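The next block is run26.cif, given as mmCIF, C-alpha atoms and all ligand atoms.
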```cif
data_structure
loop_
_atom_site.label_atom_id
_atom_site.label_comp_id
_atom_site.auth_asym_id
_atom_site.auth_seq_id
_atom_site.Cartn_x
_atom_site.Cartn_y
_atom_site.Cartn_z
CA MET A 1 -23.60 11.46 7.26
CA ARG A 2 -22.81 10.39 3.71
CA ALA A 3 -20.87 7.19 3.02
CA ALA A 4 -19.99 5.08 -0.02
CA GLN A 5 -20.91 1.49 0.79
CA LEU A 6 -20.36 -1.83 -0.92
CA PHE A 7 -23.52 -3.98 -0.81
CA ALA A 8 -22.59 -6.86 -3.12
CA PRO A 9 -19.98 -7.51 -5.82
CA GLY A 10 -20.41 -4.77 -8.42
CA GLU A 11 -22.91 -2.88 -6.25
CA MET A 12 -21.61 0.20 -4.47
CA ARG A 13 -23.54 3.41 -3.78
CA ASN A 14 -23.71 6.53 -1.65
CA ILE A 15 -26.10 6.33 1.27
CA GLU A 16 -26.98 8.24 4.43
CA LEU A 17 -25.80 6.61 7.68
CA GLU A 18 -25.98 7.59 11.35
CA ARG A 19 -22.76 9.27 12.41
CA PRO A 20 -20.89 6.51 14.35
CA GLU A 21 -20.16 6.82 18.07
CA PRO A 22 -16.64 6.04 19.31
CA GLY A 23 -16.63 3.16 21.81
CA PRO A 24 -14.12 2.78 24.66
CA GLY A 25 -10.58 3.34 23.37
CA GLU A 26 -11.90 4.59 20.03
CA VAL A 27 -11.82 7.94 18.25
CA LEU A 28 -14.30 9.61 15.91
CA ILE A 29 -12.48 11.12 12.93
CA ARG A 30 -13.86 13.67 10.47
CA VAL A 31 -12.35 12.32 7.26
CA GLU A 32 -10.30 14.83 5.29
CA ALA A 33 -8.86 12.45 2.71
CA CYS A 34 -9.12 8.78 1.81
CA GLY A 35 -7.06 7.22 -0.96
CA ILE A 36 -8.46 4.81 -3.53
CA CYS A 37 -6.32 1.67 -3.67
CA GLY A 38 -6.19 -1.19 -6.16
CA SER A 39 -7.55 -3.48 -3.45
CA ASP A 40 -10.76 -1.38 -3.29
CA ARG A 41 -11.30 -2.37 -6.92
CA HIS A 42 -10.69 -6.05 -6.05
CA MET A 43 -13.19 -5.77 -3.18
CA PHE A 44 -15.73 -4.13 -5.49
CA LYS A 45 -15.46 -7.08 -7.89
CA GLY A 46 -15.75 -9.64 -5.08
CA GLU A 47 -12.14 -10.82 -5.54
CA TYR A 48 -11.20 -10.01 -1.96
CA PRO A 49 -13.41 -10.90 1.02
CA THR A 50 -15.22 -8.05 2.82
CA ALA A 51 -18.12 -7.57 5.19
CA LYS A 52 -21.33 -6.52 3.40
CA PRO A 53 -22.64 -3.94 3.49
CA VAL A 54 -19.47 -2.06 4.41
CA THR A 55 -18.09 1.43 3.85
CA LEU A 56 -14.83 0.90 1.95
CA GLY A 57 -11.76 3.13 2.40
CA HIS A 58 -8.69 1.99 4.36
CA GLU A 59 -6.27 4.85 3.50
CA PHE A 60 -7.90 7.54 5.62
CA SER A 61 -6.78 10.59 7.54
CA GLY A 62 -8.66 13.42 9.17
CA ILE A 63 -9.37 15.44 12.27
CA VAL A 64 -10.28 14.00 15.67
CA ALA A 65 -13.93 14.96 16.27
CA GLY A 66 -14.76 12.87 19.34
CA LEU A 67 -13.06 10.68 21.95
CA GLY A 68 -14.34 7.41 23.38
CA ALA A 69 -13.94 6.53 27.05
CA GLY A 70 -10.35 6.17 28.19
CA VAL A 71 -8.64 7.91 25.24
CA THR A 72 -6.02 10.28 26.62
CA ALA A 73 -3.26 10.39 23.99
CA LEU A 74 -5.28 12.43 21.47
CA SER A 75 -7.43 15.56 21.65
CA GLU A 76 -10.26 16.91 19.55
CA GLY A 77 -8.84 18.85 16.61
CA ASP A 78 -5.71 16.67 16.22
CA ARG A 79 -4.92 15.58 12.67
CA VAL A 80 -4.43 11.80 12.48
CA ALA A 81 -3.96 8.97 9.99
CA GLY A 82 -5.26 5.46 10.53
CA ASP A 83 -3.69 2.03 10.49
CA PRO A 84 -6.68 0.07 9.17
CA ASN A 85 -5.20 -3.34 9.98
CA VAL A 86 -6.44 -3.67 13.53
CA PRO A 87 -5.28 -6.98 15.05
CA CYS A 88 -6.84 -8.85 17.98
CA GLY A 89 -3.74 -8.52 20.17
CA ARG A 90 -4.37 -11.97 21.70
CA CYS A 91 -3.67 -14.66 19.07
CA SER A 92 -0.28 -16.36 18.90
CA PHE A 93 0.82 -14.21 15.95
CA CYS A 94 -0.08 -10.99 17.75
CA ARG A 95 1.81 -12.23 20.80
CA ASP A 96 4.77 -13.03 18.52
CA GLY A 97 4.84 -9.39 17.40
CA LYS A 98 3.41 -10.20 13.96
CA PRO A 99 0.07 -8.36 13.90
CA ASN A 100 -0.05 -8.62 10.10
CA HIS A 101 -0.61 -12.38 10.56
CA CYS A 102 -3.32 -11.97 13.21
CA THR A 103 -5.94 -14.69 12.82
CA GLU A 104 -8.73 -12.26 13.79
CA LEU A 105 -7.64 -9.25 11.71
CA LYS A 106 -10.61 -6.88 11.18
CA PRO A 107 -9.35 -4.23 8.77
CA ILE A 108 -11.18 -0.90 8.71
CA GLY A 109 -12.65 -0.30 5.27
CA VAL A 110 -12.79 -4.06 4.65
CA MET A 111 -14.43 -5.85 7.59
CA ARG A 112 -15.73 -2.74 9.37
CA ASN A 113 -16.79 0.67 8.09
CA GLY A 114 -13.99 2.74 6.59
CA GLY A 115 -13.04 6.14 5.31
CA PHE A 116 -15.17 6.79 2.21
CA ALA A 117 -17.54 8.65 4.53
CA GLU A 118 -17.78 11.95 6.35
CA TYR A 119 -16.74 10.24 9.61
CA VAL A 120 -14.97 7.02 10.58
CA VAL A 121 -14.31 5.42 13.96
CA ALA A 122 -10.92 3.84 14.71
CA PRO A 123 -9.04 2.60 17.79
CA ALA A 124 -6.84 5.35 19.24
CA ASP A 125 -3.90 2.93 19.48
CA TYR A 126 -3.94 2.50 15.68
CA LEU A 127 -3.75 6.20 14.81
CA ALA A 128 -0.67 8.30 14.11
CA LYS A 129 -0.71 12.00 14.95
CA LEU A 130 0.18 14.32 12.08
CA PRO A 131 1.26 17.97 12.09
CA ALA A 132 -1.55 20.55 12.13
CA ASP A 133 -0.12 22.22 9.02
CA LEU A 134 0.29 19.06 6.92
CA ASN A 135 -1.44 18.99 3.53
CA PRO A 136 -4.49 16.81 4.36
CA LEU A 137 -4.02 14.82 1.14
CA HIS A 138 -0.62 13.66 2.38
CA GLY A 139 -2.18 12.04 5.43
CA ALA A 140 -3.95 9.56 3.16
CA PHE A 141 -0.54 8.18 2.13
CA CYS A 142 0.34 6.97 5.63
CA GLU A 143 -1.17 3.51 5.13
CA PRO A 144 0.38 2.71 1.72
CA VAL A 145 3.72 4.17 2.82
CA SER A 146 3.58 2.08 6.01
CA CYS A 147 3.30 -1.07 3.87
CA CYS A 148 6.25 0.09 1.75
CA VAL A 149 8.28 0.78 4.92
CA HIS A 150 7.75 -2.85 5.96
CA ALA A 151 9.00 -3.98 2.53
CA ILE A 152 12.10 -1.80 2.95
CA ASP A 153 12.66 -3.38 6.37
CA VAL A 154 12.61 -6.90 4.97
CA ALA A 155 14.65 -5.95 1.86
CA ARG A 156 17.69 -5.01 3.97
CA ILE A 157 19.22 -2.85 1.25
CA ARG A 158 22.90 -2.03 1.80
CA PRO A 159 24.65 1.12 0.61
CA GLY A 160 25.68 0.75 -3.01
CA ASN A 161 23.25 -2.10 -3.78
CA ARG A 162 21.69 -2.51 -7.22
CA VAL A 163 17.93 -2.53 -6.71
CA ALA A 164 15.21 -3.30 -9.26
CA ILE A 165 11.59 -2.32 -8.74
CA ILE A 166 9.03 -3.98 -11.00
CA GLY A 167 5.79 -2.01 -11.60
CA GLY A 168 5.49 1.77 -11.53
CA GLY A 169 2.08 2.27 -9.92
CA VAL A 170 1.86 4.43 -6.81
CA ILE A 171 3.57 1.69 -4.80
CA GLY A 172 6.51 1.22 -7.17
CA LEU A 173 7.01 4.99 -7.33
CA LEU A 174 6.91 5.32 -3.53
CA MET A 175 9.46 2.49 -3.35
CA VAL A 176 11.83 4.46 -5.61
CA GLU A 177 12.08 7.26 -3.06
CA LEU A 178 12.32 4.89 -0.09
CA VAL A 179 15.01 2.74 -1.73
CA LYS A 180 17.00 5.87 -2.56
CA ARG A 181 16.98 6.81 1.14
CA GLU A 182 18.63 3.44 1.91
CA GLY A 183 21.68 4.45 -0.13
CA ALA A 184 21.17 2.12 -3.09
CA GLY A 185 23.79 2.62 -5.80
CA GLU A 186 21.45 1.92 -8.70
CA ILE A 187 17.66 1.94 -8.78
CA VAL A 188 16.02 0.54 -11.90
CA LEU A 189 12.24 0.73 -12.31
CA SER A 190 10.38 -1.32 -14.92
CA THR A 191 6.93 -0.15 -16.02
CA ARG A 192 5.10 0.17 -19.33
CA GLN A 193 3.74 3.73 -19.18
CA ALA A 194 6.25 6.31 -20.40
CA ALA A 195 4.98 9.07 -18.07
CA ARG A 196 5.63 6.85 -15.06
CA ARG A 197 9.13 6.00 -16.29
CA ALA A 198 9.87 9.72 -16.60
CA LEU A 199 8.48 10.40 -13.12
CA ALA A 200 10.56 7.56 -11.63
CA LEU A 201 13.73 9.24 -12.92
CA GLU A 202 12.64 12.54 -11.35
CA LEU A 203 11.99 10.74 -8.05
CA GLY A 204 15.48 9.28 -7.95
CA ALA A 205 15.61 6.13 -10.10
CA THR A 206 18.92 5.89 -11.96
CA HIS A 207 17.27 4.04 -14.87
CA SER A 208 13.75 3.25 -15.92
CA VAL A 209 12.96 0.62 -18.51
CA ASP A 210 10.03 -0.39 -20.70
CA PRO A 211 9.22 -4.12 -20.34
CA SER A 212 6.86 -4.12 -23.33
CA ALA A 213 9.29 -5.50 -25.91
CA ASP A 214 10.46 -8.73 -24.24
CA GLY A 215 8.56 -8.82 -20.94
CA GLY A 216 11.39 -6.89 -19.32
CA THR A 217 13.83 -9.58 -18.22
CA GLY A 218 16.30 -8.99 -21.08
CA VAL A 219 16.38 -5.23 -20.72
CA LEU A 220 16.69 -5.46 -16.92
CA LEU A 221 19.57 -7.95 -17.11
CA ALA A 222 21.30 -5.86 -19.79
CA LEU A 223 21.70 -3.17 -17.11
CA ALA A 224 22.93 -5.67 -14.49
CA PRO A 225 24.40 -8.80 -16.10
CA GLU A 226 25.05 -10.50 -12.73
CA GLY A 227 21.60 -9.53 -11.49
CA TYR A 228 20.23 -7.25 -8.78
CA ASP A 229 21.09 -7.42 -5.09
CA VAL A 230 17.47 -6.64 -4.24
CA VAL A 231 14.33 -6.94 -6.39
CA ILE A 232 11.01 -5.54 -5.16
CA GLU A 233 8.03 -6.88 -7.12
CA CYS A 234 5.23 -4.28 -7.16
CA ALA A 235 3.25 -5.25 -10.27
CA GLY A 236 1.38 -8.21 -8.82
CA THR A 237 1.39 -10.66 -11.75
CA GLY A 238 2.64 -14.24 -11.96
CA GLU A 239 4.91 -13.21 -14.81
CA THR A 240 6.58 -10.40 -12.87
CA PHE A 241 6.87 -12.63 -9.78
CA LEU A 242 8.93 -15.07 -11.86
CA GLN A 243 10.87 -12.21 -13.38
CA SER A 244 11.79 -10.90 -9.93
CA MET A 245 13.59 -14.20 -9.24
CA ALA A 246 15.15 -14.38 -12.72
CA ILE A 247 16.84 -10.99 -12.38
CA ALA A 248 18.11 -11.41 -8.80
CA ARG A 249 21.83 -11.77 -8.22
CA LYS A 250 23.12 -14.97 -6.59
CA GLY A 251 22.53 -14.59 -2.86
CA GLY A 252 20.21 -11.68 -3.60
CA THR A 253 16.90 -10.79 -1.98
CA VAL A 254 13.54 -10.90 -3.74
CA VAL A 255 10.67 -9.08 -2.05
CA PRO A 256 7.27 -10.14 -3.42
CA PHE A 257 4.96 -7.21 -2.60
CA GLY A 258 2.38 -7.09 -5.42
CA VAL A 259 -0.78 -9.12 -4.83
CA VAL A 260 -0.98 -11.87 -7.46
CA PRO A 261 -4.56 -13.19 -7.87
CA GLN A 262 -5.14 -15.92 -5.28
CA ASP A 263 -5.71 -18.79 -7.72
CA GLU A 264 -2.79 -17.99 -10.04
CA ARG A 265 0.06 -20.56 -10.19
CA VAL A 266 3.62 -20.24 -11.55
CA MET A 267 6.42 -22.77 -12.16
CA ILE A 268 9.60 -22.20 -10.20
CA SER A 269 12.83 -24.20 -10.23
CA PRO A 270 13.77 -25.36 -6.73
CA PHE A 271 17.26 -26.17 -8.09
CA ASP A 272 17.70 -22.61 -9.27
CA LEU A 273 16.42 -21.18 -5.99
CA LEU A 274 18.77 -23.44 -4.04
CA THR A 275 21.95 -23.06 -6.02
CA ARG A 276 21.57 -19.30 -6.35
CA GLU A 277 20.68 -19.03 -2.62
CA LEU A 278 17.90 -16.55 -3.31
CA ARG A 279 16.30 -15.04 -0.25
CA VAL A 280 12.58 -14.73 -1.04
CA GLU A 281 11.17 -12.39 1.61
CA PRO A 282 7.56 -11.36 1.02
CA ALA A 283 6.31 -8.21 2.72
CA TRP A 284 2.66 -8.21 3.75
CA LEU A 285 0.83 -5.23 5.28
CA ASN A 286 2.31 -2.86 7.81
CA PRO A 287 3.27 -4.46 11.13
CA ARG A 288 4.04 -1.56 13.48
CA THR A 289 5.25 0.73 10.69
CA LEU A 290 2.51 3.39 10.70
CA ASN A 291 4.36 5.80 12.99
CA ARG A 292 7.54 5.68 10.91
CA ALA A 293 5.50 6.26 7.74
CA ALA A 294 3.73 9.20 9.40
CA GLU A 295 7.05 10.70 10.49
CA LEU A 296 8.51 10.39 7.00
CA ILE A 297 5.44 12.03 5.52
CA ALA A 298 5.38 14.78 8.15
CA SER A 299 9.03 15.56 7.41
CA GLY A 300 8.16 16.29 3.78
CA ALA A 301 10.74 13.74 2.61
CA LEU A 302 8.44 12.17 0.01
CA SER A 303 7.25 13.90 -3.19
CA LEU A 304 3.61 12.99 -2.64
CA ASP A 305 2.11 15.82 -4.71
CA ARG A 306 3.64 14.23 -7.80
CA LEU A 307 1.63 11.06 -7.17
CA VAL A 308 -1.86 12.60 -6.73
CA THR A 309 -3.45 12.68 -10.16
CA ARG A 310 -7.00 13.61 -9.06
CA THR A 311 -9.19 14.36 -6.06
CA ILE A 312 -12.88 13.44 -6.09
CA GLY A 313 -15.92 13.89 -3.85
CA LEU A 314 -17.67 11.01 -2.08
CA GLY A 315 -20.35 10.97 -4.77
CA GLU A 316 -17.81 9.90 -7.40
CA VAL A 317 -16.24 7.10 -5.33
CA PRO A 318 -18.49 4.21 -6.50
CA ALA A 319 -17.96 5.05 -10.19
CA VAL A 320 -14.18 5.45 -9.83
CA ILE A 321 -13.81 2.20 -7.86
CA GLY A 322 -16.11 0.43 -10.30
CA ALA A 323 -14.00 1.38 -13.32
CA PRO A 324 -10.44 0.34 -14.20
CA PRO A 325 -7.72 2.94 -13.48
CA ALA A 326 -7.79 5.74 -16.08
CA PRO A 327 -4.69 5.99 -18.31
CA GLY A 328 -2.03 8.04 -16.54
CA GLU A 329 -3.79 7.67 -13.19
CA ILE A 330 -1.46 7.22 -10.22
CA LYS A 331 -3.35 8.09 -7.02
CA VAL A 332 -6.97 9.24 -6.73
CA ILE A 333 -7.98 10.63 -3.33
CA ALA A 334 -11.53 11.08 -2.10
CA VAL A 335 -12.14 14.31 -0.19
CA PRO A 336 -15.49 14.02 1.61
P1 LIG B 1 -0.99 -0.65 -9.61
O1 LIG B 1 -1.32 0.77 -9.85
O2 LIG B 1 -1.82 -1.69 -10.23
O3 LIG B 1 0.54 -0.80 -10.06
C1 LIG B 1 1.07 -1.91 -10.64
C2 LIG B 1 1.67 -1.43 -11.94
O4 LIG B 1 2.55 -2.41 -12.41
C3 LIG B 1 0.65 -1.27 -13.05
O5 LIG B 1 -0.04 -0.05 -12.96
C4 LIG B 1 1.51 -1.38 -14.28
O6 LIG B 1 1.97 -0.08 -14.68
C5 LIG B 1 2.74 -2.16 -13.79
N1 LIG B 1 2.90 -3.42 -14.51
C6 LIG B 1 1.95 -4.30 -14.86
N2 LIG B 1 2.51 -5.32 -15.54
C7 LIG B 1 3.84 -5.06 -15.59
C8 LIG B 1 4.95 -5.74 -16.16
N3 LIG B 1 4.80 -6.88 -16.83
N4 LIG B 1 6.16 -5.20 -15.98
C9 LIG B 1 6.33 -4.02 -15.34
N5 LIG B 1 5.31 -3.34 -14.80
C10 LIG B 1 4.08 -3.86 -14.93
O7 LIG B 1 -0.94 -0.97 -8.07
P2 LIG B 1 -0.23 -0.21 -6.86
O8 LIG B 1 -1.25 0.51 -6.08
O9 LIG B 1 0.98 0.51 -7.30
O10 LIG B 1 0.17 -1.49 -6.01
C11 LIG B 1 1.14 -2.39 -6.50
C12 LIG B 1 0.88 -3.78 -5.98
O11 LIG B 1 1.12 -3.82 -4.58
C13 LIG B 1 -0.58 -4.24 -6.15
O12 LIG B 1 -0.58 -5.60 -6.53
C14 LIG B 1 -1.16 -4.06 -4.77
O13 LIG B 1 -2.26 -4.91 -4.55
C15 LIG B 1 0.04 -4.44 -3.94
N6 LIG B 1 0.03 -4.01 -2.54
C16 LIG B 1 0.60 -4.85 -1.65
C17 LIG B 1 0.69 -4.50 -0.33
C18 LIG B 1 1.37 -5.41 0.64
O14 LIG B 1 1.22 -5.24 1.84
N7 LIG B 1 2.16 -6.36 0.16
C19 LIG B 1 0.19 -3.27 0.11
C20 LIG B 1 -0.38 -2.40 -0.82
C21 LIG B 1 -0.44 -2.78 -2.17
P3 LIG B 1 2.29 0.19 -16.25
O15 LIG B 1 0.96 0.28 -16.90
O16 LIG B 1 3.09 1.44 -16.24
O17 LIG B 1 3.07 -0.99 -16.69
ZN ZN B 2 -4.28 -11.53 16.56
#
```
Re-express the file's structure as structure tokens.
Amino acid sequence: MRAAQLFAPGEMRNIELERPEPGPGEVLIRVEACGICGSDRHMFKGEYPTAKPVTLGHEFSGIVAGLGAGVTALSEGDRVAGDPNVPCGRCSFCRDGKPNHCTELKPIGVMRNGGFAEYVVAPADYLAKLPADLNPLHGAFCEPVSCCVHAIDVARIRPGNRVAIIGGGVIGLLMVELVKREGAGEIVLSTRQAARRALALELGATHSVDPSADGGTGVLLALAPEGYDVVIECAGTGETFLQSMAIARKGGTVVPFGVVPQDERVMISPFDLLTRELRVEPAWLNPRTLNRAAELIASGALSLDRLVTRTIGLGEVPAVIGAPPAPGEIKVIAVP
């Protein structure tokens, strides 16, 4: 079968591999769709640790093509989406119900072969079943939506809340729709690209603002002088991390979600944090949220077609991951 593998930082290519065999408790999946994520680009550049060589691709969905010993909950022909973040199930964090903090996490498409291939193997317990008539491209959103669902869980939005979302990539735009479902009174998205600001309004944001002029803090606070009840940071920069705290209301909740480069440092004021009683609640990965994401997607509640800007074949995956996102690009999905 064909697969797009990462061999070393900056070195990714299409190769022929043996079709994998599902082990006990595992499932062979014929990949229908696998989304390209910003973290694939970080892995390509060596900024995020991976096995090597490894087939990248952690946002995969497809059709069950083979069952390992002991798998009874799925049948050949079922459409499924994968939770790539497979925990050990034994460490203290797993036993505490926090699989996203597992000390032995072996994510598919990072530490073991993933979905930029004709076939991928995954544990049956980390798959969600999808409707037979679902658009296959939508299945590839289950993993990113499952991470957003965790962020919504920790944000604890209450009806009528003012919510700011910083960064209008695919994640920020997904958050707009999810925040709306929580009954937020106002949803303000900050992002530089005009097309994304327009799309955010169509998806349910009440306002969208351009941070280019002053970095965004002034224009965001002009819309909410006392600050926002909830701020979800989805841009992943030190500057926007600080901004998320600066625009929160006293007693408000800040959800850091964007991945700021590991060695970046910012200056925060403990006095400010204390006296404004900010709740800083980061949301990392997707602990036990895949099934809810799959159900939301299956129900058609999310406008996913608006987010897919391009589909590509496996042959194009190394070049697309090796280049920065094209202007206007939101989500690129590989279709093997
Ligand atoms: P993305 O496409 O890079 O989106 C981030 C967007 O933020 C950029 O495209 C940019 O859009 C905007 N931005 C940059 N600087 C800004 C600023 N100063 N003010 C306002 N907006 C700014 O990435 P994504 O796929 O949507 O993911 C968003 C973040 O979530 C990434 O850091 C990703 O690694 C992270 N992530 C975290 C988790 C988790 O579990 N916590 C899971 C998945 C992804 P414009 O050009 O329009 O400004
Ligand atoms: Zn564990």
**Study point:** Closest of A:Glu32, A:Glu59, A:Glu226, A:Glu11 to A:Val335 - atom-to-atom distances counting all atoms listed in the file
**Key:**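 Comparing A:Glu32, A:Glu59, A:Glu226, A:Glu11 against A:Val335, the winner is A:Glu32.
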Would you list the contacts of A:Glu143 as a JSON list (two decimals) with C-alpha atoms, keeping the file's coordinate frame, taking every protein, DNA or RNA residue within 10 Å and counting all atoms listed in the file, but skipping same-chain residues closer than 3 positions in sequence?
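After the write, part_24.json holds the following:
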```
[["chain", "number", "residue", "atom", "x", "y", "z"],
["A", 35, "GLY", "CA", -7.06, 7.22, -0.96],
["A", 58, "HIS", "CA", -8.69, 1.99, 4.36],
["A", 59, "GLU", "CA", -6.27, 4.85, 3.50],
["A", 60, "PHE", "CA", -7.90, 7.54, 5.62],
["A", 61, "SER", "CA", -6.78, 10.59, 7.54],
["A", 81, "ALA", "CA", -3.96, 8.97, 9.99],
["A", 82, "GLY", "CA", -5.26, 5.46, 10.53],
["A", 83, "ASP", "CA", -3.69, 2.03, 10.49],
["A", 84, "PRO", "CA", -6.68, 0.07, 9.17],
["A", 85, "ASN", "CA", -5.20, -3.34, 9.98],
["A", 139, "GLY", "CA", -2.18, 12.04, 5.43],
["A", 140, "ALA", "CA", -3.95, 9.56, 3.16],
["A", 146, "SER", "CA", 3.58, 2.08, 6.01],
["A", 147, "CYS", "CA", 3.30, -1.07, 3.87],
["A", 148, "CYS", "CA", 6.25, 0.09, 1.75],
["A", 149, "VAL", "CA", 8.28, 0.78, 4.92],
["A", 285, "LEU", "CA", 0.83, -5.23, 5.28],
["A", 286, "ASN", "CA", 2.31, -2.86, 7.81],
["A", 289, "THR", "CA", 5.25, 0.73, 10.69],
["A", 290, "LEU", "CA", 2.51, 3.39, 10.70],
["A", 291, "ASN", "CA", 4.36, 5.80, 12.99],
["A", 293, "ALA", "CA", 5.50, 6.26, 7.74],
["A", 294, "ALA", "CA", 3.73, 9.20, 9.40]]
```
Practice item. Check the smallest atom-to-atom distance from each of A:Phe141, A:Tyr126, A:Phe93, A:Tyr119 to A:Lys331 using all atoms listed in the file, then report the winner. Key: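 Closest to A:Lys331 of all the choices is A:Phe141.
Remark: residues at most 12 Å from position (8.7, -6.3, 7.1) in file coordinates are A:Gly97, A:Lys98, A:Pro99, A:Asn100, A:His101, A:Ser146, A:Cys147, A:Cys148, A:Val149, A:His150, A:Ala151, A:Ile152, A:Asp153, A:Val154, A:Ala155, A:Arg156, A:Val255, A:Pro256, A:Phe257, A:Glu281, A:Pro282, A:Ala283, A:Trp284, A:Leu285, A:Asn286, A:Pro287, A:Arg288, A:Thr289, using all atoms listed in the file.
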**Study point:** Residues within 7 Å of ligand ZN 2 (chain B), counting only C-alpha atoms and all ligand atoms, as a list in words
**Key:** Pro87, Cys88, Gly89, Arg90, Cys91, Ser92, Phe93, Cys94, Pro99, Cys102, Thr103, Glu104 and Leu105 of chain A
Coordinates of box centre and edge lengths for ligand LIG 1 (chain B), 5 Å on every side, axis-aligned, as AutoDock Vina command-line options:
```
--center_x 2.0 --center_y -2.7 --center_z -7.5 --size_x 18.6 --size_y 18.3 --size_z 28.7
```
Show me, as a tab-separated table, the residues of stretch 98-175 of chain A having an atom within 10 Å of stretch 229-251 of chain A, each with the closest atom pair and its distance in Å, using all atoms listed in the file.
```
residue	atom	partner	partner_atom	distance
A:Cys148	CA	A:Cys234	CA	10.0
A:Ala151	CA	A:Ile232	CA	8.1
A:Ile152	CA	A:Ile232	CA	9.0
A:Ala155	CA	A:Val230	CA	6.8
A:Arg156	CA	A:Val230	CA	8.4
A:Ile157	CA	A:Val230	CA	6.9
A:Arg158	CA	A:Asp229	CA	8.9
A:Gly160	CA	A:Asp229	CA	9.6
A:Asn161	CA	A:Asp229	CA	5.9
A:Arg162	CA	A:Asp229	CA	5.4
A:Val163	CA	A:Val230	CA	4.8
A:Ala164	CA	A:Val231	CA	4.7
A:Ile165	CA	A:Ile232	CA	4.8
A:Ile166	CA	A:Glu233	CA	4.9
A:Gly167	CA	A:Ala235	CA	4.3
A:Gly168	CA	A:Cys234	CA	7.5
A:Gly169	CA	A:Ala235	CA	7.6
A:Val170	CA	A:Cys234	CA	9.3
A:Ile171	CA	A:Cys234	CA	6.6
A:Gly172	CA	A:Cys234	CA	5.6
A:Leu173	CA	A:Cys234	CA	9.4
A:Met175	CA	A:Ile232	CA	8.4
```
Counting only C-alpha atoms, what is within 8 Å of stretch 51-56 of chain A, bar same-chain residues fewer than 6 positions away, as a PDB file with C-alpha atoms, in the coordinates of the input?
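The resulting part_34.pdb:
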```pdb
ATOM      1  CA  ALA A   3     -20.870   7.190   3.020  1.00  0.00           C
ATOM      2  CA  ALA A   4     -19.990   5.080  -0.020  1.00  0.00           C
ATOM      3  CA  GLN A   5     -20.910   1.490   0.790  1.00  0.00           C
ATOM      4  CA  LEU A   6     -20.360  -1.830  -0.920  1.00  0.00           C
ATOM      5  CA  PHE A   7     -23.520  -3.980  -0.810  1.00  0.00           C
ATOM      6  CA  ALA A   8     -22.590  -6.860  -3.120  1.00  0.00           C
ATOM      7  CA  ASP A  40     -10.760  -1.380  -3.290  1.00  0.00           C
ATOM      8  CA  ILE A 108     -11.180  -0.900   8.710  1.00  0.00           C
ATOM      9  CA  GLY A 109     -12.650  -0.300   5.270  1.00  0.00           C
ATOM     10  CA  VAL A 110     -12.790  -4.060   4.650  1.00  0.00           C
ATOM     11  CA  MET A 111     -14.430  -5.850   7.590  1.00  0.00           C
ATOM     12  CA  ARG A 112     -15.730  -2.740   9.370  1.00  0.00           C
ATOM     13  CA  ASN A 113     -16.790   0.670   8.090  1.00  0.00           C
ATOM     14  CA  GLY A 114     -13.990   2.740   6.590  1.00  0.00           C
ATOM     15  CA  GLY A 115     -13.040   6.140   5.310  1.00  0.00           C
ATOM     16  CA  PHE A 116     -15.170   6.790   2.210  1.00  0.00           C
ATOM     17  CA  ALA A 117     -17.540   8.650   4.530  1.00  0.00           C
TER      18      ALA A 117
END
```
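Residue nearest ligand LIG 1 (chain B), chosen from A:Glu182, A:Asp78, A:Glu47, A:Glu277 and counting only C-alpha atoms and all ligand atoms: A:Glu47.
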Exercise for review: May I ask which of the residues A:Ile330, A:Ala301, A:Leu278, A:Ala213 is the closest one to ligand LIG 1 (chain B), counting all atoms listed in the file?
Suggested key: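 Among the listed residues, the smallest separation from ligand LIG 1 (chain B) belongs to A:Ile330.
Using all atoms listed in the file for every distance, the candidate list A:Gly227, A:Pro270, A:Pro24, A:Gly183 yields A:Gly227 as the residue closest to A:Gly252.
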Check your understanding: Which is closest to A:Pro159 among A:Glu186, A:Glu177, A:Glu316, A:Asp133, if we use only C-alpha atoms?
Key -> A:Glu186
